[in-house]
Structures are given as C-alpha cells and as structure tokens.
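Participant: You'll find model_11.pdb just under this line, and it carries PDB, C-alpha atoms and all ligand atoms.
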ATOM      1  CA  MET A   1       4.081   9.078 -27.477  1.00  0.00           C
ATOM      2  CA  ALA A   2       4.810   7.206 -30.693  1.00  0.00           C
ATOM      3  CA  THR A   3       3.991   3.610 -29.857  1.00  0.00           C
ATOM      4  CA  TRP A   4       2.831   1.409 -26.983  1.00  0.00           C
ATOM      5  CA  GLU A   5       6.418   0.154 -26.741  1.00  0.00           C
ATOM      6  CA  ASP A   6       7.755   3.706 -26.374  1.00  0.00           C
ATOM      7  CA  TYR A   7       5.178   4.335 -23.685  1.00  0.00           C
ATOM      8  CA  ILE A   8       6.175   1.176 -21.764  1.00  0.00           C
ATOM      9  CA  ARG A   9       9.847   2.073 -22.059  1.00  0.00           C
ATOM     10  CA  SER A  10       9.300   5.604 -20.759  1.00  0.00           C
ATOM     11  CA  GLN A  11       7.255   4.241 -17.831  1.00  0.00           C
ATOM     12  CA  GLU A  12      10.081   1.812 -17.009  1.00  0.00           C
ATOM     13  CA  ASP A  13      12.470   4.730 -17.085  1.00  0.00           C
ATOM     14  CA  VAL A  14      10.361   6.733 -14.661  1.00  0.00           C
ATOM     15  CA  ASP A  15       9.280   3.939 -12.284  1.00  0.00           C
ATOM     16  CA  GLY A  16      12.237   1.558 -12.363  1.00  0.00           C
ATOM     17  CA  VAL A  17       9.744  -1.274 -12.792  1.00  0.00           C
ATOM     18  CA  ARG A  18       9.776  -3.852 -15.573  1.00  0.00           C
ATOM     19  CA  PHE A  19       7.054  -6.481 -15.879  1.00  0.00           C
ATOM     20  CA  THR A  20       7.104  -9.797 -17.704  1.00  0.00           C
ATOM     21  CA  TRP A  21       3.675  -8.782 -19.052  1.00  0.00           C
ATOM     22  CA  ASN A  22       2.137  -5.348 -19.257  1.00  0.00           C
ATOM     23  CA  VAL A  23      -1.437  -6.606 -19.313  1.00  0.00           C
ATOM     24  CA  TRP A  24      -3.047  -8.184 -16.272  1.00  0.00           C
ATOM     25  CA  PRO A  25      -4.641 -11.606 -16.972  1.00  0.00           C
ATOM     26  CA  HIS A  26      -8.439 -11.311 -16.939  1.00  0.00           C
ATOM     27  CA  SER A  27      -9.155 -14.604 -15.230  1.00  0.00           C
ATOM     28  CA  ARG A  28      -7.507 -17.386 -13.278  1.00  0.00           C
ATOM     29  CA  LEU A  29      -7.503 -19.487 -16.464  1.00  0.00           C
ATOM     30  CA  ASP A  30      -5.740 -16.726 -18.404  1.00  0.00           C
ATOM     31  CA  ALA A  31      -3.191 -16.498 -15.605  1.00  0.00           C
ATOM     32  CA  GLN A  32      -2.569 -20.266 -15.684  1.00  0.00           C
ATOM     33  CA  ARG A  33      -2.011 -20.206 -19.454  1.00  0.00           C
ATOM     34  CA  LEU A  34       0.856 -17.757 -19.151  1.00  0.00           C
ATOM     35  CA  VAL A  35       4.110 -19.506 -20.019  1.00  0.00           C
ATOM     36  CA  VAL A  36       5.953 -16.950 -17.895  1.00  0.00           C
ATOM     37  CA  PRO A  37       4.065 -15.817 -14.774  1.00  0.00           C
ATOM     38  CA  VAL A  38       3.367 -12.150 -14.102  1.00  0.00           C
ATOM     39  CA  ALA A  39       6.412 -10.821 -12.306  1.00  0.00           C
ATOM     40  CA  ALA A  40       8.152  -7.491 -11.813  1.00  0.00           C
ATOM     41  CA  PHE A  41      11.714  -6.298 -11.454  1.00  0.00           C
ATOM     42  CA  PHE A  42      11.915  -3.218  -9.293  1.00  0.00           C
ATOM     43  CA  THR A  43      14.902  -0.897  -8.906  1.00  0.00           C
ATOM     44  CA  PRO A  44      14.691   0.790  -5.505  1.00  0.00           C
ATOM     45  CA  LEU A  45      15.954   4.381  -5.229  1.00  0.00           C
ATOM     46  CA  LYS A  46      15.975   4.735  -9.002  1.00  0.00           C
ATOM     47  CA  GLU A  47      16.811   8.209 -10.197  1.00  0.00           C
ATOM     48  CA  ARG A  48      14.168   9.668 -12.453  1.00  0.00           C
ATOM     49  CA  PRO A  49      15.164  11.195 -15.789  1.00  0.00           C
ATOM     50  CA  ALA A  50      16.059  14.874 -15.371  1.00  0.00           C
ATOM     51  CA  ASP A  51      13.104  16.035 -17.494  1.00  0.00           C
ATOM     52  CA  GLN A  52      10.592  14.272 -15.206  1.00  0.00           C
ATOM     53  CA  PRO A  53       9.117  15.876 -12.060  1.00  0.00           C
ATOM     54  CA  GLN A  54      11.183  14.772  -9.077  1.00  0.00           C
ATOM     55  CA  GLN A  55       9.375  13.194  -6.162  1.00  0.00           C
ATOM     56  CA  PRO A  56       9.807  15.137  -2.923  1.00  0.00           C
ATOM     57  CA  PRO A  57      11.176  13.007  -0.069  1.00  0.00           C
ATOM     58  CA  LEU A  58       8.234  11.540   1.854  1.00  0.00           C
ATOM     59  CA  GLU A  59       9.193  11.372   5.505  1.00  0.00           C
ATOM     60  CA  TYR A  60       6.051   9.598   6.625  1.00  0.00           C
ATOM     61  CA  ASP A  61       4.440   6.176   6.532  1.00  0.00           C
ATOM     62  CA  PRO A  62       2.170   5.246   3.621  1.00  0.00           C
ATOM     63  CA  VAL A  63      -1.603   5.099   4.102  1.00  0.00           C
ATOM     64  CA  LEU A  64      -2.724   1.465   3.879  1.00  0.00           C
ATOM     65  CA  CYS A  65      -5.998  -0.155   2.868  1.00  0.00           C
ATOM     66  CA  SER A  66      -7.907  -1.111   5.996  1.00  0.00           C
ATOM     67  CA  LYS A  67      -8.961  -4.531   4.729  1.00  0.00           C
ATOM     68  CA  GLN A  68      -7.064  -7.029   6.826  1.00  0.00           C
ATOM     69  CA  ASN A  69      -5.811  -9.273   4.014  1.00  0.00           C
ATOM     70  CA  CYS A  70      -5.119  -6.416   1.546  1.00  0.00           C
ATOM     71  CA  LYS A  71      -3.043  -3.590   3.068  1.00  0.00           C
ATOM     72  CA  ALA A  72      -2.415  -2.066  -0.375  1.00  0.00           C
ATOM     73  CA  VAL A  73      -0.909   1.418  -0.353  1.00  0.00           C
ATOM     74  CA  LEU A  74      -2.857   4.559  -1.239  1.00  0.00           C
ATOM     75  CA  ASN A  75      -1.730   5.701  -4.689  1.00  0.00           C
ATOM     76  CA  ALA A  76      -2.570   7.979  -7.581  1.00  0.00           C
ATOM     77  CA  LEU A  77      -4.722   5.325  -9.277  1.00  0.00           C
ATOM     78  CA  CYS A  78      -7.153   5.076  -6.348  1.00  0.00           C
ATOM     79  CA  PHE A  79     -10.504   6.824  -6.577  1.00  0.00           C
ATOM     80  CA  VAL A  80     -10.571   9.618  -4.005  1.00  0.00           C
ATOM     81  CA  ASP A  81     -13.701  11.239  -2.614  1.00  0.00           C
ATOM     82  CA  TYR A  82     -12.269  14.542  -1.362  1.00  0.00           C
ATOM     83  CA  ARG A  83     -15.543  15.716   0.114  1.00  0.00           C
ATOM     84  CA  ALA A  84     -16.132  12.593   2.190  1.00  0.00           C
ATOM     85  CA  LYS A  85     -12.366  12.246   2.907  1.00  0.00           C
ATOM     86  CA  ALA A  86     -12.423   8.670   1.678  1.00  0.00           C
ATOM     87  CA  TRP A  87     -10.615   6.577  -0.932  1.00  0.00           C
ATOM     88  CA  VAL A  88     -11.331   3.317  -2.709  1.00  0.00           C
ATOM     89  CA  CYS A  89      -8.587   0.693  -2.800  1.00  0.00           C
ATOM     90  CA  ILE A  90      -7.536  -0.124  -6.371  1.00  0.00           C
ATOM     91  CA  MET A  91      -6.698  -3.729  -5.419  1.00  0.00           C
ATOM     92  CA  CYS A  92      -9.778  -4.841  -3.466  1.00  0.00           C
ATOM     93  CA  ASN A  93     -12.376  -2.039  -3.888  1.00  0.00           C
ATOM     94  CA  GLN A  94     -12.516  -1.456  -0.140  1.00  0.00           C
ATOM     95  CA  ARG A  95     -13.710   2.050   0.766  1.00  0.00           C
ATOM     96  CA  ASN A  96     -11.342   3.585   3.329  1.00  0.00           C
ATOM     97  CA  THR A  97     -11.496   6.812   5.284  1.00  0.00           C
ATOM     98  CA  PHE A  98      -8.370   8.949   5.412  1.00  0.00           C
ATOM     99  CA  PRO A  99      -6.473   9.117   8.709  1.00  0.00           C
ATOM    100  CA  PRO A 100      -7.045  12.308  10.796  1.00  0.00           C
ATOM    101  CA  HIS A 101      -3.805  13.983   9.634  1.00  0.00           C
ATOM    102  CA  TYR A 102      -5.151  13.892   6.044  1.00  0.00           C
ATOM    103  CA  SER A 103      -8.231  15.947   6.989  1.00  0.00           C
ATOM    104  CA  ALA A 104      -6.961  19.061   5.155  1.00  0.00           C
ATOM    105  CA  ILE A 105      -6.661  17.370   1.775  1.00  0.00           C
ATOM    106  CA  SER A 106      -8.666  18.563  -1.204  1.00  0.00           C
ATOM    107  CA  GLU A 107      -8.520  18.358  -4.981  1.00  0.00           C
ATOM    108  CA  GLU A 108      -6.123  21.369  -4.906  1.00  0.00           C
ATOM    109  CA  ASN A 109      -4.220  20.263  -1.826  1.00  0.00           C
ATOM    110  CA  ARG A 110      -3.165  16.674  -2.408  1.00  0.00           C
ATOM    111  CA  PRO A 111      -0.369  14.716  -0.809  1.00  0.00           C
ATOM    112  CA  PRO A 112       2.373  13.789  -3.343  1.00  0.00           C
ATOM    113  CA  GLU A 113       1.253  10.140  -3.490  1.00  0.00           C
ATOM    114  CA  LEU A 114      -1.990  11.307  -5.180  1.00  0.00           C
ATOM    115  CA  TYR A 115      -0.293  13.179  -8.034  1.00  0.00           C
ATOM    116  CA  PRO A 116      -0.768  11.224 -11.277  1.00  0.00           C
ATOM    117  CA  GLN A 117       2.848  11.876 -12.339  1.00  0.00           C
ATOM    118  CA  PHE A 118       4.146  10.010  -9.274  1.00  0.00           C
ATOM    119  CA  THR A 119       3.258   6.459 -10.209  1.00  0.00           C
ATOM    120  CA  THR A 120       6.055   5.225  -7.962  1.00  0.00           C
ATOM    121  CA  ILE A 121       6.592   6.706  -4.524  1.00  0.00           C
ATOM    122  CA  GLU A 122       9.417   6.029  -2.089  1.00  0.00           C
ATOM    123  CA  TYR A 123       8.775   6.498   1.615  1.00  0.00           C
ATOM    124  CA  THR A 124      11.190   6.900   4.485  1.00  0.00           C
ATOM    125  CA  LEU A 125       9.311   4.937   7.146  1.00  0.00           C
ATOM    126  CA  LYS A 126       8.922   6.560  10.525  1.00  0.00           C
ATOM    127  CA  LYS A 127       7.930   3.510  12.520  1.00  0.00           C
ATOM    128  CA  ALA A 128      11.040   1.866  13.908  1.00  0.00           C
ATOM    129  CA  THR A 129      11.538  -1.626  12.595  1.00  0.00           C
ATOM    130  CA  THR A 130      12.727  -4.290  14.993  1.00  0.00           C
ATOM    131  CA  MET A 131      13.764  -6.656  12.217  1.00  0.00           C
ATOM    132  CA  PRO A 132      17.465  -7.035  11.419  1.00  0.00           C
ATOM    133  CA  PRO A 133      18.435  -6.171   7.827  1.00  0.00           C
ATOM    134  CA  ILE A 134      17.675  -8.924   5.302  1.00  0.00           C
ATOM    135  CA  PHE A 135      19.778  -9.667   2.233  1.00  0.00           C
ATOM    136  CA  VAL A 136      18.667 -12.151  -0.411  1.00  0.00           C
ATOM    137  CA  PHE A 137      21.234 -13.210  -2.989  1.00  0.00           C
ATOM    138  CA  VAL A 138      19.665 -14.225  -6.300  1.00  0.00           C
ATOM    139  CA  VAL A 139      22.204 -16.069  -8.447  1.00  0.00           C
ATOM    140  CA  ASP A 140      21.926 -17.089 -12.095  1.00  0.00           C
ATOM    141  CA  THR A 141      23.929 -20.337 -12.348  1.00  0.00           C
ATOM    142  CA  CYS A 142      23.850 -20.496 -16.161  1.00  0.00           C
ATOM    143  CA  MET A 143      27.453 -19.451 -16.696  1.00  0.00           C
ATOM    144  CA  ALA A 144      30.920 -20.832 -17.315  1.00  0.00           C
ATOM    145  CA  ALA A 145      32.501 -22.698 -14.374  1.00  0.00           C
ATOM    146  CA  ASP A 146      35.294 -20.148 -13.881  1.00  0.00           C
ATOM    147  CA  GLU A 147      32.780 -17.278 -13.852  1.00  0.00           C
ATOM    148  CA  LEU A 148      30.691 -19.118 -11.271  1.00  0.00           C
ATOM    149  CA  LYS A 149      33.807 -19.628  -9.143  1.00  0.00           C
ATOM    150  CA  ALA A 150      34.594 -15.896  -9.340  1.00  0.00           C
ATOM    151  CA  LEU A 151      30.983 -15.118  -8.445  1.00  0.00           C
ATOM    152  CA  LYS A 152      31.156 -17.400  -5.385  1.00  0.00           C
ATOM    153  CA  GLU A 153      34.241 -15.532  -4.216  1.00  0.00           C
ATOM    154  CA  SER A 154      32.510 -12.166  -4.707  1.00  0.00           C
ATOM    155  CA  ILE A 155      29.503 -13.373  -2.714  1.00  0.00           C
ATOM    156  CA  GLN A 156      31.756 -14.590   0.084  1.00  0.00           C
ATOM    157  CA  THR A 157      33.419 -11.179   0.203  1.00  0.00           C
ATOM    158  CA  ALA A 158      29.996  -9.510   0.254  1.00  0.00           C
ATOM    159  CA  LEU A 159      28.881 -11.812   3.100  1.00  0.00           C
ATOM    160  CA  SER A 160      31.928 -10.875   5.177  1.00  0.00           C
ATOM    161  CA  LEU A 161      30.933  -7.198   4.887  1.00  0.00           C
ATOM    162  CA  LEU A 162      27.331  -7.620   6.109  1.00  0.00           C
ATOM    163  CA  PRO A 163      26.303  -6.588   9.620  1.00  0.00           C
ATOM    164  CA  ALA A 164      26.616  -9.476  12.094  1.00  0.00           C
ATOM    165  CA  ASN A 165      22.868  -9.598  12.802  1.00  0.00           C
ATOM    166  CA  ALA A 166      21.855  -9.618   9.108  1.00  0.00           C
ATOM    167  CA  LEU A 167      19.586 -12.379   7.844  1.00  0.00           C
ATOM    168  CA  VAL A 168      20.760 -13.917   4.586  1.00  0.00           C
ATOM    169  CA  GLY A 169      18.809 -15.800   1.915  1.00  0.00           C
ATOM    170  CA  LEU A 170      19.987 -17.541  -1.222  1.00  0.00           C
ATOM    171  CA  ILE A 171      18.034 -18.254  -4.396  1.00  0.00           C
ATOM    172  CA  THR A 172      19.764 -19.812  -7.388  1.00  0.00           C
ATOM    173  CA  TYR A 173      18.253 -20.363 -10.774  1.00  0.00           C
ATOM    174  CA  GLY A 174      19.251 -22.239 -13.891  1.00  0.00           C
ATOM    175  CA  ARG A 175      16.822 -24.670 -15.447  1.00  0.00           C
ATOM    176  CA  MET A 176      15.013 -24.754 -12.085  1.00  0.00           C
ATOM    177  CA  VAL A 177      14.706 -22.222  -9.309  1.00  0.00           C
ATOM    178  CA  GLN A 178      16.169 -23.341  -5.976  1.00  0.00           C
ATOM    179  CA  LEU A 179      15.398 -21.704  -2.674  1.00  0.00           C
ATOM    180  CA  HIS A 180      18.090 -22.773  -0.232  1.00  0.00           C
ATOM    181  CA  GLU A 181      17.717 -23.236   3.480  1.00  0.00           C
ATOM    182  CA  LEU A 182      20.883 -21.947   5.079  1.00  0.00           C
ATOM    183  CA  SER A 183      22.274 -23.018   8.420  1.00  0.00           C
ATOM    184  CA  THR A 184      25.601 -22.669  10.189  1.00  0.00           C
ATOM    185  CA  ASN A 185      26.908 -25.758   8.348  1.00  0.00           C
ATOM    186  CA  GLY A 186      26.005 -24.494   4.895  1.00  0.00           C
ATOM    187  CA  ILE A 187      22.989 -25.479   2.840  1.00  0.00           C
ATOM    188  CA  SER A 188      20.877 -27.989   4.739  1.00  0.00           C
ATOM    189  CA  ARG A 189      17.920 -28.217   2.380  1.00  0.00           C
ATOM    190  CA  SER A 190      16.654 -26.702  -0.885  1.00  0.00           C
ATOM    191  CA  TYR A 191      13.210 -26.234  -2.322  1.00  0.00           C
ATOM    192  CA  VAL A 192      13.072 -26.677  -6.086  1.00  0.00           C
ATOM    193  CA  PHE A 193      10.561 -24.937  -8.351  1.00  0.00           C
ATOM    194  CA  LYS A 194       9.947 -25.093 -12.080  1.00  0.00           C
TER
HETATM  195 ZN    ZN B 201      -7.487  -3.072  -0.449  1.00  0.00          ZN
END
What do you get writing this file as structure tokens?
Ligand SMILES: [Zn+2]
Facilitator:
Amino acid sequence: MATWEDYIRSQEDVDGVRFTWNVWPHSRLDAQRLVVPVAAFFTPLKERPADQPQQPPLEYDPVLCSKQNCKAVLNALCFVDYRAKAWVCIMCNQRNTFPPHYSAISEENRPPELYPQFTTIEYTLKKATTMPPIFVFVVDTCMAADELKALKESIQTALSLLPANALVGLITYGRMVQLHELSTNGISRSYVFK
C-alpha cells in the first residue's frame, strides 16, 4: 500500500464506512477539541470490490458482549482464547465465554466474523423483530429554493410508498441540525443542535 491515504481509501471501499477522523481521540479533552465530532457514514449492503474475498451470508445472530451497557459485537479485532473458548471485548475489555454452539471453534476452524479480512460483517438476524420498519429522512437544506421544492415532492412521493405501519423520522441540516418531532398535523416541535 503506497500511502496512509491509499490504505484508508481501500478500507472505505471494502467496508463502506467513512469516518470524519481515522484516529480515535485519546482522551475526553482531545475529543472535546475536535471541531468536527467523530462520526461515520455507513453504506449497508455495500458490494465489495471483485478482487476482495466475499463475505458468506451469515444466517445467524451476532455474538454480543455480555456486559450490560456494552453489547458490542464479536469481531475480528477481539482477542480470542481458543483453548478457553473465550473472547475479550475490544470496546470494554470484558472477558466473555462463547455460546455453546461455538464450542467447536479453533484457530483453524473460525466463524467468518473472526477472519481478519472481514472487517465488516452483515448478518441476517434470526430473531423476529416486533418493531415496525423505521425510516429516517436526513435532508440537507443548503440548496436553491426550486431544488428544495423538488426534493420535498420526492420525499412526499417516497412517504406515500412506505408501509402503513412504518415509523418516520426527519432530520434537516443547514447551519444547524434540526431533529423534528412529527405528528399527524405536521411538525409539532423541533430540537436544534449546533
Ligand atoms: Zn464489551
């Protein structure tokens, strides 16, 4: 890999993830000094480049960290103790034991989520969800008035095509970010953030 930039770009290509920063702040103070907070854009169902190993479909639920307020997902960056059938959470350092159906794993027989080339894994969840589908519209309002009008019309068309039980959210951003509270009579309240 030629440069750090090339490396970042190739990772973005593989993972469909782009961060505002590619270095984690070391302290709370460092984090507060960031002009732009750490954030990530993620492209679900991104197709990997053809020359990259393709992730097999994972038709099972991810293994989660057992710490109540963590619940991070087992991944290739976690330390795994294959002999003790345990793994250490990369986010909170909690030591977790593998669930019983992982008892056959070994260094040579790993589940796909522990292969270093699969830094992003997509799961098809098996547990039925009882939640209705949720759609959040995120709208950049910094545009010409006629474009904004056209965008409004497109959003209205999109809304008419959603399932009747869908939950809908709206975030707009220009100079400020506004999180809108929607009700049957339109926007009842908005929360404004810098
Ligand atoms: Zn954890």
Participant: Taking all atoms listed in the file into account, list the residues no farther than 9 Å from ligand ZN 201 (chain B), as a list of chain:residue names.
Facilitator: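 Checking all atoms listed in the file against ligand ZN 201 (chain B) at 9 Å gives A:Leu64, A:Cys65, A:Ser66, A:Lys67, A:Gln68, A:Asn69, A:Cys70, A:Lys71, A:Ala72, A:Val73, A:Leu74, A:Val88, A:Cys89, A:Ile90, A:Met91, A:Cys92, A:Asn93, A:Gln94, A:Arg95, A:Asn96.
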Participant: Pull C-alpha atoms from the residues just selected and write them as a PDB file, in the coordinates of the input.
Facilitator:
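New file result.pdb:
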ATOM      1  CA  LEU A  64      -2.724   1.465   3.879  1.00  0.00           C
ATOM      2  CA  CYS A  65      -5.998  -0.155   2.868  1.00  0.00           C
ATOM      3  CA  SER A  66      -7.907  -1.111   5.996  1.00  0.00           C
ATOM      4  CA  LYS A  67      -8.961  -4.531   4.729  1.00  0.00           C
ATOM      5  CA  GLN A  68      -7.064  -7.029   6.826  1.00  0.00           C
ATOM      6  CA  ASN A  69      -5.811  -9.273   4.014  1.00  0.00           C
ATOM      7  CA  CYS A  70      -5.119  -6.416   1.546  1.00  0.00           C
ATOM      8  CA  LYS A  71      -3.043  -3.590   3.068  1.00  0.00           C
ATOM      9  CA  ALA A  72      -2.415  -2.066  -0.375  1.00  0.00           C
ATOM     10  CA  VAL A  73      -0.909   1.418  -0.353  1.00  0.00           C
ATOM     11  CA  LEU A  74      -2.857   4.559  -1.239  1.00  0.00           C
ATOM     12  CA  VAL A  88     -11.331   3.317  -2.709  1.00  0.00           C
ATOM     13  CA  CYS A  89      -8.587   0.693  -2.800  1.00  0.00           C
ATOM     14  CA  ILE A  90      -7.536  -0.124  -6.371  1.00  0.00           C
ATOM     15  CA  MET A  91      -6.698  -3.729  -5.419  1.00  0.00           C
ATOM     16  CA  CYS A  92      -9.778  -4.841  -3.466  1.00  0.00           C
ATOM     17  CA  ASN A  93     -12.376  -2.039  -3.888  1.00  0.00           C
ATOM     18  CA  GLN A  94     -12.516  -1.456  -0.140  1.00  0.00           C
ATOM     19  CA  ARG A  95     -13.710   2.050   0.766  1.00  0.00           C
ATOM     20  CA  ASN A  96     -11.342   3.585   3.329  1.00  0.00           C
TER      21      ASN A  96
END
Participant: Do a neighbour search on Met176 (chain A) at 12 Å with all atoms listed in the file, toss out local chain neighbours closer than 4 positions, and write the hits as a PyMOL selection string.
Facilitator: chain A and resi 139-142+171-172+190-194
Participant: Taking the file above as input, evaluate the PyMOL selection byres (((chain A and resi 16-21) around 10) and not hetatm) and report the hits as a ChimeraX atom specification.
Facilitator: /A:8-15,22-25,34,36-48,120
Participant: Quick one, how far is CA of Asn185 (chain A) from CA of Met143 (chain A)?
Facilitator: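 These atoms are spaced 25.8 Å apart.
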Participant: What is the distance between CA of Tyr123 (chain A) and CA of Tyr60 (chain A), in Å to one decimal?
Facilitator: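 Between CA of Tyr123 (chain A) and CA of Tyr60 (chain A) the gap works out to 6.5 Å.
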Participant: If I take CA of Asp61 (chain A) and CA of Thr124 (chain A), how far is one from the other in Å, to one decimal?
Facilitator: 7.1 Å
Participant: Of the candidates A:Val63, A:Pro112, A:Thr3, A:Cys78, which one gets nearest to Pro100 (chain A) if we count all atoms listed in the file?
Facilitator: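 Of all the options, A:Val63 lies closest to Pro100 (chain A).
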Participant: Using only C-alpha atoms, which residues sit within 9 Å of Phe118 (chain A) once same-chain residues fewer than 3 positions away are excluded, as a PDB file with C-alpha atoms, in the frame of the given file?
Facilitator:
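And here is the file that came out, result12.pdb:
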ATOM      1  CA  VAL A  14      10.361   6.733 -14.661  1.00  0.00           C
ATOM      2  CA  ASP A  15       9.280   3.939 -12.284  1.00  0.00           C
ATOM      3  CA  PRO A  53       9.117  15.876 -12.060  1.00  0.00           C
ATOM      4  CA  GLN A  54      11.183  14.772  -9.077  1.00  0.00           C
ATOM      5  CA  GLN A  55       9.375  13.194  -6.162  1.00  0.00           C
ATOM      6  CA  ASN A  75      -1.730   5.701  -4.689  1.00  0.00           C
ATOM      7  CA  ALA A  76      -2.570   7.979  -7.581  1.00  0.00           C
ATOM      8  CA  PRO A 112       2.373  13.789  -3.343  1.00  0.00           C
ATOM      9  CA  GLU A 113       1.253  10.140  -3.490  1.00  0.00           C
ATOM     10  CA  LEU A 114      -1.990  11.307  -5.180  1.00  0.00           C
ATOM     11  CA  TYR A 115      -0.293  13.179  -8.034  1.00  0.00           C
ATOM     12  CA  ILE A 121       6.592   6.706  -4.524  1.00  0.00           C
TER      13      ILE A 121
END
Participant: Of the candidates A:Val136, A:Asp146, A:Ile187, A:Glu122, which one gets nearest to Pro56 (chain A) if we count all atoms listed in the file?
Facilitator: A:Glu122
Participant: Using the chain letters and numbers from the file, which residues does the PyMOL selection byres (((chain A and resi 166-168) around 7) and not hetatm) grab, as a list of chain:residue names?
Facilitator: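 Residues picked by the PyMOL selection byres (((chain A and resi 166-168) around 7) and not hetatm): A:Pro132, A:Pro133, A:Ile134, A:Phe135, A:Val136, A:Leu162, A:Pro163, A:Ala164, A:Asn165, A:Gly169, A:Leu170.
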Participant: Find the residue from A:Leu58, A:Gln178, A:Lys152, A:Leu77 that sits nearest to Gln117 (chain A); use only C-alpha atoms when measuring.
Facilitator: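 When distances to Gln117 (chain A) are compared using only C-alpha atoms, the smallest one comes from A:Leu77.
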Participant: Can you work out which one of A:Val138, A:Leu161, A:Ala84, A:Met131 has the shortest atom-to-atom distance to Tyr102 (chain A), counting only C-alpha atoms?
Facilitator: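 Smallest distance to Tyr102 (chain A) is found for A:Ala84.
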Participant: Nearest residue to Phe137 (chain A) out of A:Val80, A:Val35, A:Leu179, A:Ile105, using all atoms listed in the file?
Facilitator: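 Closest candidate: A:Leu179.
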Participant: Since the input is missing atoms for region 20-32 of chain A, could you rebuild it with N, CA, C and O atoms and give the result as a short mmCIF file (atom, residue, chain, number, x, y, z; two decimals), in the coordinates of the input?
Facilitator:
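out.cif written:
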data_model
loop_
_atom_site.label_atom_id
_atom_site.label_comp_id
_atom_site.auth_asym_id
_atom_site.auth_seq_id
_atom_site.Cartn_x
_atom_site.Cartn_y
_atom_site.Cartn_z
N THR A 20 7.04 -8.78 -16.66
CA THR A 20 7.10 -9.80 -17.70
C THR A 20 5.95 -9.59 -18.69
O THR A 20 6.10 -9.86 -19.88
N TRP A 21 4.82 -9.11 -18.20
CA TRP A 21 3.68 -8.78 -19.05
C TRP A 21 3.18 -7.42 -18.63
O TRP A 21 3.22 -7.08 -17.46
N ASN A 22 2.67 -6.66 -19.59
CA ASN A 22 2.14 -5.35 -19.26
C ASN A 22 0.62 -5.32 -19.30
O ASN A 22 0.01 -4.26 -19.27
N VAL A 23 0.02 -6.48 -19.38
CA VAL A 23 -1.44 -6.61 -19.31
C VAL A 23 -1.74 -7.63 -18.23
O VAL A 23 -1.11 -8.68 -18.18
N TRP A 24 -2.67 -7.31 -17.38
CA TRP A 24 -3.05 -8.18 -16.27
C TRP A 24 -3.95 -9.30 -16.81
O TRP A 24 -4.88 -9.00 -17.57
N PRO A 25 -3.72 -10.57 -16.47
CA PRO A 25 -4.64 -11.61 -16.97
C PRO A 25 -6.06 -11.39 -16.45
O PRO A 25 -6.25 -11.01 -15.29
N HIS A 26 -7.06 -11.62 -17.30
CA HIS A 26 -8.44 -11.31 -16.94
C HIS A 26 -9.06 -12.33 -16.01
O HIS A 26 -10.03 -12.04 -15.32
N SER A 27 -8.54 -13.56 -16.03
CA SER A 27 -9.15 -14.60 -15.23
C SER A 27 -8.05 -15.53 -14.72
O SER A 27 -6.90 -15.45 -15.15
N ARG A 28 -8.45 -16.42 -13.81
CA ARG A 28 -7.51 -17.39 -13.28
C ARG A 28 -6.98 -18.29 -14.41
O ARG A 28 -5.79 -18.61 -14.45
N LEU A 29 -7.89 -18.63 -15.34
CA LEU A 29 -7.50 -19.49 -16.46
C LEU A 29 -6.46 -18.78 -17.33
O LEU A 29 -5.43 -19.37 -17.70
N ASP A 30 -6.71 -17.51 -17.63
CA ASP A 30 -5.74 -16.73 -18.40
C ASP A 30 -4.39 -16.72 -17.70
O ASP A 30 -3.35 -16.84 -18.33
N ALA A 31 -4.43 -16.56 -16.38
CA ALA A 31 -3.19 -16.50 -15.60
C ALA A 31 -2.45 -17.83 -15.69
O ALA A 31 -1.22 -17.86 -15.81
N GLN A 32 -3.20 -18.95 -15.64
CA GLN A 32 -2.57 -20.27 -15.68
C GLN A 32 -1.96 -20.55 -17.05
O GLN A 32 -1.00 -21.30 -17.16
#
